Each structure stands twice: as C-alpha cells, then as structure tokens.
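Source file: upload11.csv; contents: CSV, C-alpha atoms.
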chain,number,residue,atom,x,y,z
A,283,MET,CA,17.4,-8.2,-6.7
A,284,ILE,CA,17.5,-4.5,-7.4
A,285,SER,CA,15.5,-2.1,-5.3
A,286,LEU,CA,14.3,1.5,-5.3
A,287,THR,CA,13.0,3.5,-2.3
A,288,ILE,CA,10.9,6.5,-2.9
A,289,LYS,CA,8.4,8.7,-1.0
A,290,ALA,CA,4.8,8.0,-1.6
A,291,GLU,CA,4.3,11.1,-3.8
A,292,ILE,CA,2.9,11.4,-7.4
A,293,ASP,CA,6.0,13.4,-8.4
A,294,ASN,CA,8.1,10.3,-8.0
A,295,LEU,CA,6.3,8.5,-10.8
A,296,GLY,CA,9.0,9.5,-13.2
A,297,LYS,CA,11.7,7.9,-11.0
A,298,LEU,CA,9.7,4.7,-10.7
A,299,SER,CA,9.2,4.5,-14.5
A,300,ARG,CA,12.9,5.1,-15.2
A,301,PHE,CA,13.9,2.5,-12.7
A,302,LEU,CA,11.7,-0.2,-14.3
A,303,HIS,CA,12.5,0.8,-17.8
A,304,LYS,CA,16.2,0.6,-17.3
A,305,ASN,CA,16.1,-2.8,-15.5
A,306,LEU,CA,13.8,-4.3,-18.0
A,307,LYS,CA,15.8,-3.0,-21.0
A,308,ASP,CA,18.9,-4.5,-19.3
A,309,SER,CA,17.0,-7.8,-19.3
A,310,SER,CA,16.2,-7.3,-23.1
A,311,CYS,CA,12.5,-7.1,-22.3
A,312,PRO,CA,10.3,-6.1,-25.3
A,313,GLU,CA,8.8,-2.6,-25.2
A,314,LYS,CA,5.3,-3.9,-25.2
A,315,ILE,CA,5.9,-6.0,-22.0
A,316,ILE,CA,7.8,-3.1,-20.4
A,317,LYS,CA,4.7,-0.9,-20.8
A,318,LEU,CA,2.5,-3.5,-19.1
A,319,ILE,CA,4.8,-3.9,-16.1
A,320,GLU,CA,5.2,-0.1,-15.9
A,321,LEU,CA,1.5,0.3,-16.0
A,322,SER,CA,0.8,-2.2,-13.3
A,323,THR,CA,3.4,-0.8,-11.0
A,324,GLU,CA,2.1,2.8,-11.5
A,325,GLU,CA,-1.4,1.7,-10.6
A,326,ILE,CA,-0.2,0.0,-7.4
A,327,PHE,CA,2.0,3.0,-6.5
A,328,VAL,CA,-0.7,5.5,-7.2
A,329,ASN,CA,-3.2,3.6,-5.0
A,330,ILE,CA,-0.6,3.7,-2.2
A,331,VAL,CA,-0.1,7.4,-2.6
A,332,LYS,CA,-3.9,8.0,-2.5
A,333,TYR,CA,-5.1,5.6,0.1
A,334,ALA,CA,-2.4,4.0,2.2
A,335,TYR,CA,-1.3,7.0,4.2
A,336,THR,CA,-3.3,8.9,6.7
A,337,ALA,CA,-2.4,12.5,7.7
A,338,GLY,CA,0.4,12.8,10.2
A,339,GLN,CA,2.1,9.5,9.4
A,340,ASN,CA,5.7,10.0,8.6
A,341,LYS,CA,6.7,6.5,7.3
A,342,THR,CA,6.0,7.3,3.7
A,343,ASP,CA,8.6,5.3,2.0
A,344,VAL,CA,7.6,2.9,-0.7
A,345,ILE,CA,10.1,0.2,-1.6
A,346,ILE,CA,10.1,-1.3,-5.1
A,347,GLU,CA,12.0,-4.5,-5.7
A,348,PHE,CA,12.8,-5.8,-9.2
A,349,ARG,CA,13.8,-9.4,-10.0
A,350,ASN,CA,14.2,-11.1,-13.4
A,351,LYS,CA,14.7,-14.8,-13.7
A,352,ARG,CA,15.6,-16.4,-17.0
A,353,SER,CA,14.9,-20.1,-17.6
A,354,GLY,CA,15.7,-21.2,-21.1
A,355,SER,CA,14.1,-18.7,-23.5
A,356,ARG,CA,11.6,-17.7,-20.9
A,357,ASN,CA,11.8,-14.7,-18.5
A,358,ILE,CA,9.9,-14.3,-15.3
A,359,THR,CA,9.8,-10.6,-14.1
A,360,ASN,CA,8.8,-10.1,-10.5
A,361,VAL,CA,8.1,-6.6,-9.0
A,362,THR,CA,7.3,-6.2,-5.4
A,363,VAL,CA,5.8,-2.9,-4.1
A,364,SER,CA,5.9,-2.5,-0.3
A,365,ASP,CA,4.6,0.3,1.9
A,366,TYR,CA,4.1,1.0,5.6
A,367,GLY,CA,0.5,2.2,5.3
A,368,GLU,CA,-2.5,0.7,7.1
A,369,PRO,CA,-2.9,-3.0,6.3
A,370,PHE,CA,-5.0,-3.1,3.2
A,371,ASP,CA,-5.5,-5.9,0.7
A,372,PRO,CA,-6.6,-4.4,-2.6
A,373,LEU,CA,-7.3,-7.8,-4.0
A,374,LYS,CA,-10.2,-8.2,-1.6
A,375,THR,CA,-12.1,-5.3,-3.1
A,376,GLU,CA,-14.4,-6.0,-6.0
A,377,THR,CA,-12.7,-5.5,-9.3
A,378,THR,CA,-14.5,-2.7,-11.1
A,379,ALA,CA,-17.5,-3.9,-13.0
A,380,LEU,CA,-17.5,-2.3,-16.5
A,381,ASN,CA,-21.2,-1.6,-16.6
A,382,ILE,CA,-21.1,0.6,-13.5
A,383,PRO,CA,-20.8,4.4,-14.3
A,384,ILE,CA,-17.3,5.6,-13.7
A,385,ASN,CA,-18.3,8.1,-11.0
A,386,GLU,CA,-19.9,5.3,-8.9
A,387,ARG,CA,-17.0,2.9,-9.1
A,388,GLU,CA,-14.8,1.9,-6.3
A,389,PRO,CA,-11.7,4.3,-6.2
A,390,GLY,CA,-8.7,2.5,-7.5
A,391,GLY,CA,-10.8,-0.3,-9.0
A,392,LEU,CA,-10.0,0.6,-12.6
A,393,GLY,CA,-6.3,0.5,-11.9
A,394,LEU,CA,-6.5,-2.8,-10.2
A,395,LEU,CA,-8.4,-4.2,-13.1
A,396,LEU,CA,-5.6,-3.2,-15.4
A,397,VAL,CA,-3.1,-4.9,-13.0
A,398,LYS,CA,-5.0,-8.1,-13.0
A,399,ARG,CA,-5.5,-8.2,-16.7
A,400,SER,CA,-1.9,-7.4,-17.7
A,401,MET,CA,0.0,-9.6,-15.2
A,402,ASP,CA,0.3,-13.4,-14.9
A,403,ARG,CA,0.3,-13.4,-11.1
A,404,VAL,CA,-0.8,-10.7,-8.6
A,405,GLU,CA,-0.5,-11.4,-4.8
A,406,TYR,CA,-0.9,-9.4,-1.6
A,407,GLU,CA,0.6,-10.1,1.8
A,408,TYR,CA,1.0,-8.2,5.1
A,409,LYS,CA,4.5,-8.9,6.5
A,410,ASN,CA,6.8,-7.2,9.0
A,411,GLY,CA,4.5,-4.2,9.3
A,412,MET,CA,4.3,-3.7,5.5
A,413,ASN,CA,1.8,-4.2,2.8
A,414,ARG,CA,3.4,-6.1,-0.1
A,415,MET,CA,2.0,-6.4,-3.5
A,416,VAL,CA,3.7,-8.9,-5.8
A,417,ILE,CA,3.2,-8.9,-9.5
A,418,GLU,CA,4.7,-11.3,-12.0
A,419,LYS,CA,4.9,-11.3,-15.8
A,420,ILE,CA,6.2,-14.2,-17.9
A,421,TRP,CA,7.5,-13.3,-21.3
B,1148,MET,CA,3.7,15.0,-21.4
B,1149,THR,CA,3.2,18.1,-23.6
B,1150,ILE,CA,0.1,18.8,-25.6
B,1151,ARG,CA,0.4,20.2,-29.1
B,1152,THR,CA,-2.7,21.9,-30.5
B,1153,GLU,CA,-3.8,22.5,-34.0
B,1154,LYS,CA,-6.7,24.7,-34.7
B,1155,ASN,CA,-8.4,24.0,-38.0
B,1156,SER,CA,-11.1,26.6,-37.8
B,1157,VAL,CA,-12.9,28.8,-35.3
B,1158,THR,CA,-14.9,25.8,-34.2
B,1159,SER,CA,-12.6,22.9,-34.6
B,1160,ILE,CA,-9.4,21.8,-32.8
B,1161,ILE,CA,-7.1,18.8,-32.7
B,1162,LEU,CA,-5.2,18.0,-29.5
B,1163,TYR,CA,-2.0,15.9,-29.6
B,1164,PRO,CA,-0.9,14.7,-26.2
B,1165,ILE,CA,2.7,13.6,-26.5
B,1166,ASP,CA,4.6,10.8,-24.8
B,1167,ARG,CA,2.9,9.7,-21.5
B,1168,LEU,CA,-0.6,10.2,-20.2
B,1169,ASP,CA,0.1,8.9,-16.7
B,1170,THR,CA,-1.3,9.9,-13.2
B,1171,ALA,CA,1.1,12.9,-13.0
B,1172,ALA,CA,0.2,14.2,-16.5
B,1173,ALA,CA,-3.5,13.5,-16.6
B,1174,PRO,CA,-4.5,16.8,-14.8
B,1175,LEU,CA,-2.8,18.8,-17.6
B,1176,LEU,CA,-5.0,17.3,-20.3
B,1177,GLU,CA,-8.0,17.7,-18.1
B,1178,LYS,CA,-7.3,21.4,-17.6
B,1179,LYS,CA,-6.6,21.9,-21.3
B,1180,ILE,CA,-10.0,20.4,-22.2
B,1181,GLN,CA,-11.9,22.4,-19.5
B,1182,GLN,CA,-10.3,25.6,-20.7
B,1183,LEU,CA,-11.2,25.3,-24.4
B,1184,GLU,CA,-12.8,28.4,-25.9
B,1185,SER,CA,-16.5,28.1,-25.9
B,1186,ASP,CA,-16.7,28.6,-29.7
B,1187,ILE,CA,-15.0,25.3,-30.2
B,1188,THR,CA,-17.6,22.5,-30.8
B,1189,ASP,CA,-15.5,19.9,-32.6
B,1190,ILE,CA,-12.7,18.4,-30.5
B,1191,THR,CA,-10.4,15.6,-31.8
B,1192,LEU,CA,-7.9,13.9,-29.6
B,1193,ASP,CA,-5.1,12.5,-31.8
B,1194,LEU,CA,-3.2,9.9,-29.9
B,1195,SER,CA,-0.6,9.1,-32.6
B,1196,GLN,CA,2.2,10.5,-30.5
B,1197,LEU,CA,1.1,9.0,-27.2
B,1198,SER,CA,3.0,5.9,-26.1
B,1199,TYR,CA,1.6,5.2,-22.7
B,1200,ILE,CA,-1.7,5.7,-20.8
B,1201,SER,CA,-2.8,4.7,-17.3
B,1202,SER,CA,-6.2,4.4,-15.6
B,1203,MET,CA,-6.0,8.1,-14.6
B,1204,GLY,CA,-5.5,9.0,-18.3
B,1205,LEU,CA,-8.6,6.9,-19.2
B,1206,ARG,CA,-10.6,8.6,-16.5
B,1207,VAL,CA,-9.7,12.1,-17.9
B,1208,LEU,CA,-10.8,11.0,-21.4
B,1209,LEU,CA,-14.1,9.7,-20.1
B,1210,GLN,CA,-14.8,12.8,-18.1
B,1211,ALA,CA,-13.9,14.9,-21.1
B,1212,LYS,CA,-16.3,13.0,-23.2
B,1213,LYS,CA,-19.1,13.5,-20.6
B,1214,LEU,CA,-18.4,17.2,-20.2
B,1215,LEU,CA,-18.2,17.9,-23.9
B,1216,ASN,CA,-21.2,15.8,-24.8
B,1217,GLU,CA,-23.3,17.6,-22.1
B,1218,GLN,CA,-22.3,20.9,-23.8
B,1219,GLY,CA,-23.5,19.4,-27.1
B,1220,LYS,CA,-20.0,19.2,-28.5
B,1221,GLN,CA,-18.3,16.5,-30.6
B,1222,PHE,CA,-15.4,14.6,-29.1
B,1223,ILE,CA,-13.5,12.0,-31.1
B,1224,VAL,CA,-10.4,10.0,-30.1
B,1225,LYS,CA,-8.2,8.7,-32.9
B,1226,ASN,CA,-4.9,7.2,-34.0
B,1227,MET,CA,-4.1,5.1,-30.9
B,1228,SER,CA,-0.8,3.2,-30.8
B,1229,GLU,CA,-1.0,-0.6,-30.2
B,1230,SER,CA,-0.1,-0.4,-26.5
B,1231,VAL,CA,-2.5,2.5,-25.8
B,1232,ARG,CA,-5.3,0.5,-27.6
B,1233,GLU,CA,-4.5,-2.5,-25.5
B,1234,VAL,CA,-5.2,-0.5,-22.3
B,1235,PHE,CA,-8.5,0.8,-23.8
B,1236,GLU,CA,-9.4,-2.8,-24.6
B,1237,MET,CA,-8.5,-4.3,-21.2
B,1238,THR,CA,-10.8,-1.9,-19.4
B,1239,GLY,CA,-13.7,-1.9,-21.9
B,1240,PHE,CA,-13.1,1.8,-22.5
B,1241,ILE,CA,-12.9,1.0,-26.2
B,1242,ASN,CA,-16.7,0.8,-26.2
B,1243,LEU,CA,-17.2,3.9,-24.1
B,1244,ILE,CA,-15.4,6.5,-26.2
B,1245,PHE,CA,-16.1,7.2,-29.8
B,1246,ILE,CA,-13.1,6.1,-31.7
B,1247,ASP,CA,-12.4,7.0,-35.3
B,1248,THR,CA,-10.1,4.4,-36.7
Do you think you could lay out the structure here as structure tokens?
Amino acid sequence: MISLTIKAEIDNLGKLSRFLHKNLKDSSCPEKIIKLIELSTEEIFVNIVKYAYTAGQNKTDVIIEFRNKRSGSRNITNVTVSDYGEPFDPLKTETTALNIPINEREPGGLGLLLVKRSMDRVEYEYKNGMNRMVIEKIW
Amino acid sequence: MTIRTEKNSVTSIILYPIDRLDTAAAPLLEKKIQQLESDITDITLDLSQLSYISSMGLRVLLQAKKLLNEQGKQFIVKNMSESVREVFEMTGFINLIFIDT
C-alpha cells in the first residue's frame, strides 16, 4: 500500500493526479484506465473539499491509499480516500437524474455519477472517526 | 490548463483548451468565455488538445452553452479525444451540447 496525505484544498489536485499517475504507470496500467481512476478520485476529493469541512475545523487532512493487486493477467486497483469531515455517505444521495436541469441538481451528484459509471466497485464506510470511500477498478 | 485562441474574423473565435479541464482549471475557461468581446457571435471550442475533463469541466461547458445561447450566439464543441468523449457519454452530456463531429 502506498499513501499520500494532502490538505483538503483544490490546489492539491495536481499532487493527487501525479500520485495516481505515477503509481498506475508503475503498474503498467493503460492510459485510458488511468484517466478513469484519476477522474473518480478527483470527484471524491473535490466533494470532500466542498462539503466535508465546516468553518473552524482544523483536521483537514485527506489520506489517499493506493493498492494494486495482480492475479494472472488481471489487475485490481483499489483507491481509498479518507477524511475527518462530518460523517457523510455520498452513496445515499440520489445519483443525478439526467433529465433534471443542471442548476437544480444535487451538488456533487454529477461527479458521483461519473464515479459509479467508471468504477467496478464503490463503497463507503465510517470508521475510526473518518469517512472512507473505496473505489476499485479491474483491468 | 492553458487556452489558445484563434480569431477567424471579427465575429468568430476558436478556443483550444490544452491538457486538463479539471476542477482547478474550469474557472479559467469559464472566465474566458464570459469575457469574450460582444462582437463575437460564433464560438467554437476545439477539444483536440484536451486529454482530461471532470464534472466541473462539464458544468462550465453547459453553463457556457446556456449563457451564449441566451445571447443569441452559436456555441459548438468539436474534436473530442476518446477519453473526453467517454466522460460526455457517461453523463449524458453528449446529448446536451451541440457537437460537431
């Protein structure tokens, strides 16, 4: 397992992207799959930046864990994104319906739709005072 | 992300966003479109040099389309790479924005 700890700030998106890109390249992951994993992780991270922290809170670290498991010719990439924000299960919110005008949609819903459609497994748990989103891609 | 612009005439412009249209970069494109000179009525967004787009990028494109259409202007998106097209397709945005293939 390889991990990265960054503050919940949009400016850290570049660090997150470079972290994933390097580790996925090291696992010989195709560019197309790298983009999908980067996209899903960005959407989860951005939702944390926007919604998880209330003013005055100082525990703003976000921890990203990367795992890649190879079995035969198949790879299972697992990325876990953890934060100390208020307990919040994004999977319980309704995924954005496409016929609803964009301005009336649930904030973050579009990003979550992308996560669900591009990953093979998406899970949420609240453990040890942290929100944990787990995404998995098989390639 | 940087944005290259190519002005074809007084009324027509092509914008080329380069590299990544992620959450950090999306406001740059939004501002660029909002600040277009009022004479420009024909706006093309050429995505041939864009390799990545996230939901915030999609939102900016949809808002641009809304703003420009309200002003009676033409807004066309073209030359998407395969991975950018996939994001448009996954969200249904492929049907919301006029795409010139």
Next on the checklist: Quick check: residues of chain B within 9 Å of chain A, all atoms listed in the file, returned as a list of chain:residue names.
Outcome noted: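 Residues satisfying the distance criterion: B:Asp1169, B:Thr1170, B:Ala1171, B:Ser1198, B:Tyr1199, B:Ile1200, B:Ser1201, B:Ser1202, B:Met1203, B:Arg1206, B:Leu1209, B:Gln1210, B:Glu1229, B:Ser1230, B:Val1234, B:Met1237, B:Thr1238, B:Gly1239, B:Phe1240.
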Next on the checklist: For a quick check of understanding, using all atoms listed in the file, which of B:Ile1241, B:Leu1194, B:Ile1180, B:Ile1165 has the smallest distance to Lys1213 in chain B?
Outcome noted: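 Smallest separation from Lys1213 in chain B among the options: B:Ile1180.
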Checklist entry - Skipping near chain neighbours, those fewer than 4 positions away, what residues fall within 7 Å of Val404 in chain A using all atoms listed in the file, listed as a list of chain:residue names? => result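 What passes the distance filter is A:Lys398, A:Val416, A:Ile417, A:Glu418.
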Next on the checklist: Taking all atoms listed in the file into account, name the residue in B:Leu1168, B:Val1224, B:Asn1155, B:Glu1177 that is nearest to Asn1242 in chain B.
Outcome noted: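 Closest to Asn1242 in chain B of all the choices is B:Val1224.
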Item to check | d(CA of Glu407 in chain A, CA of Val331 in chain A) in Å | outcome: 18.1 Å
Checklist entry - For Pro369 in chain A, which residue out of A:Trp421, A:Phe327, A:Phe301, A:Tyr333 is the nearest one, using all atoms listed in the file? => result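 Result for the nearest residue to Pro369 in chain A: A:Tyr333.
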Next on the checklist: Which residues are close to Asp1189 in chain B, i.e. within 8 Å by all atoms listed in the file, leaving aside same-chain residues fewer than 3 positions away? Reply as a PyMOL selection string.
Outcome noted: chain B and resi 1158-1160+1220-1222
Mind working out the centre and edge lengths of an axis-aligned box for range 1218-1233 of chain B, all listed atoms inside, 8 Å added to each side, rounded to one decimal in Å and written as JSON?
{"center_x": -11.8, "center_y": 9.2, "center_z": -28.9, "size_x": 39.4, "size_y": 39.4, "size_z": 26.2}
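Using all atoms listed in the file, the residues found no farther than 8 Å from range 347-349 of chain A, other than those of its own chain fewer than 5 positions away, are Met283, Ile284, Ser285, Leu286, Leu302, Asn305, Thr359, Asn360, Val361, Thr362 and Val363 of chain A.
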Item to check | Nearby residues (only C-alpha atoms) at most 6 Å from Lys1225 in chain B, same-chain spacing under 5 positions excluded, as a ChimeraX atom specification | outcome: /B:1193-1194,1246-1247
Checklist entry - How many Å lie between CA of Gly1219 in chain B and CA of Tyr1163 in chain B, rounded to one decimal? => result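 Calculated distance between CA of Gly1219 in chain B and CA of Tyr1163 in chain B is 21.9 Å.
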Checklist entry - So, counting only C-alpha atoms, which residue among A:Asn410, A:Thr342, A:Ser310, A:Ser299 is closest to Asn357 in chain A? => result A:Ser310
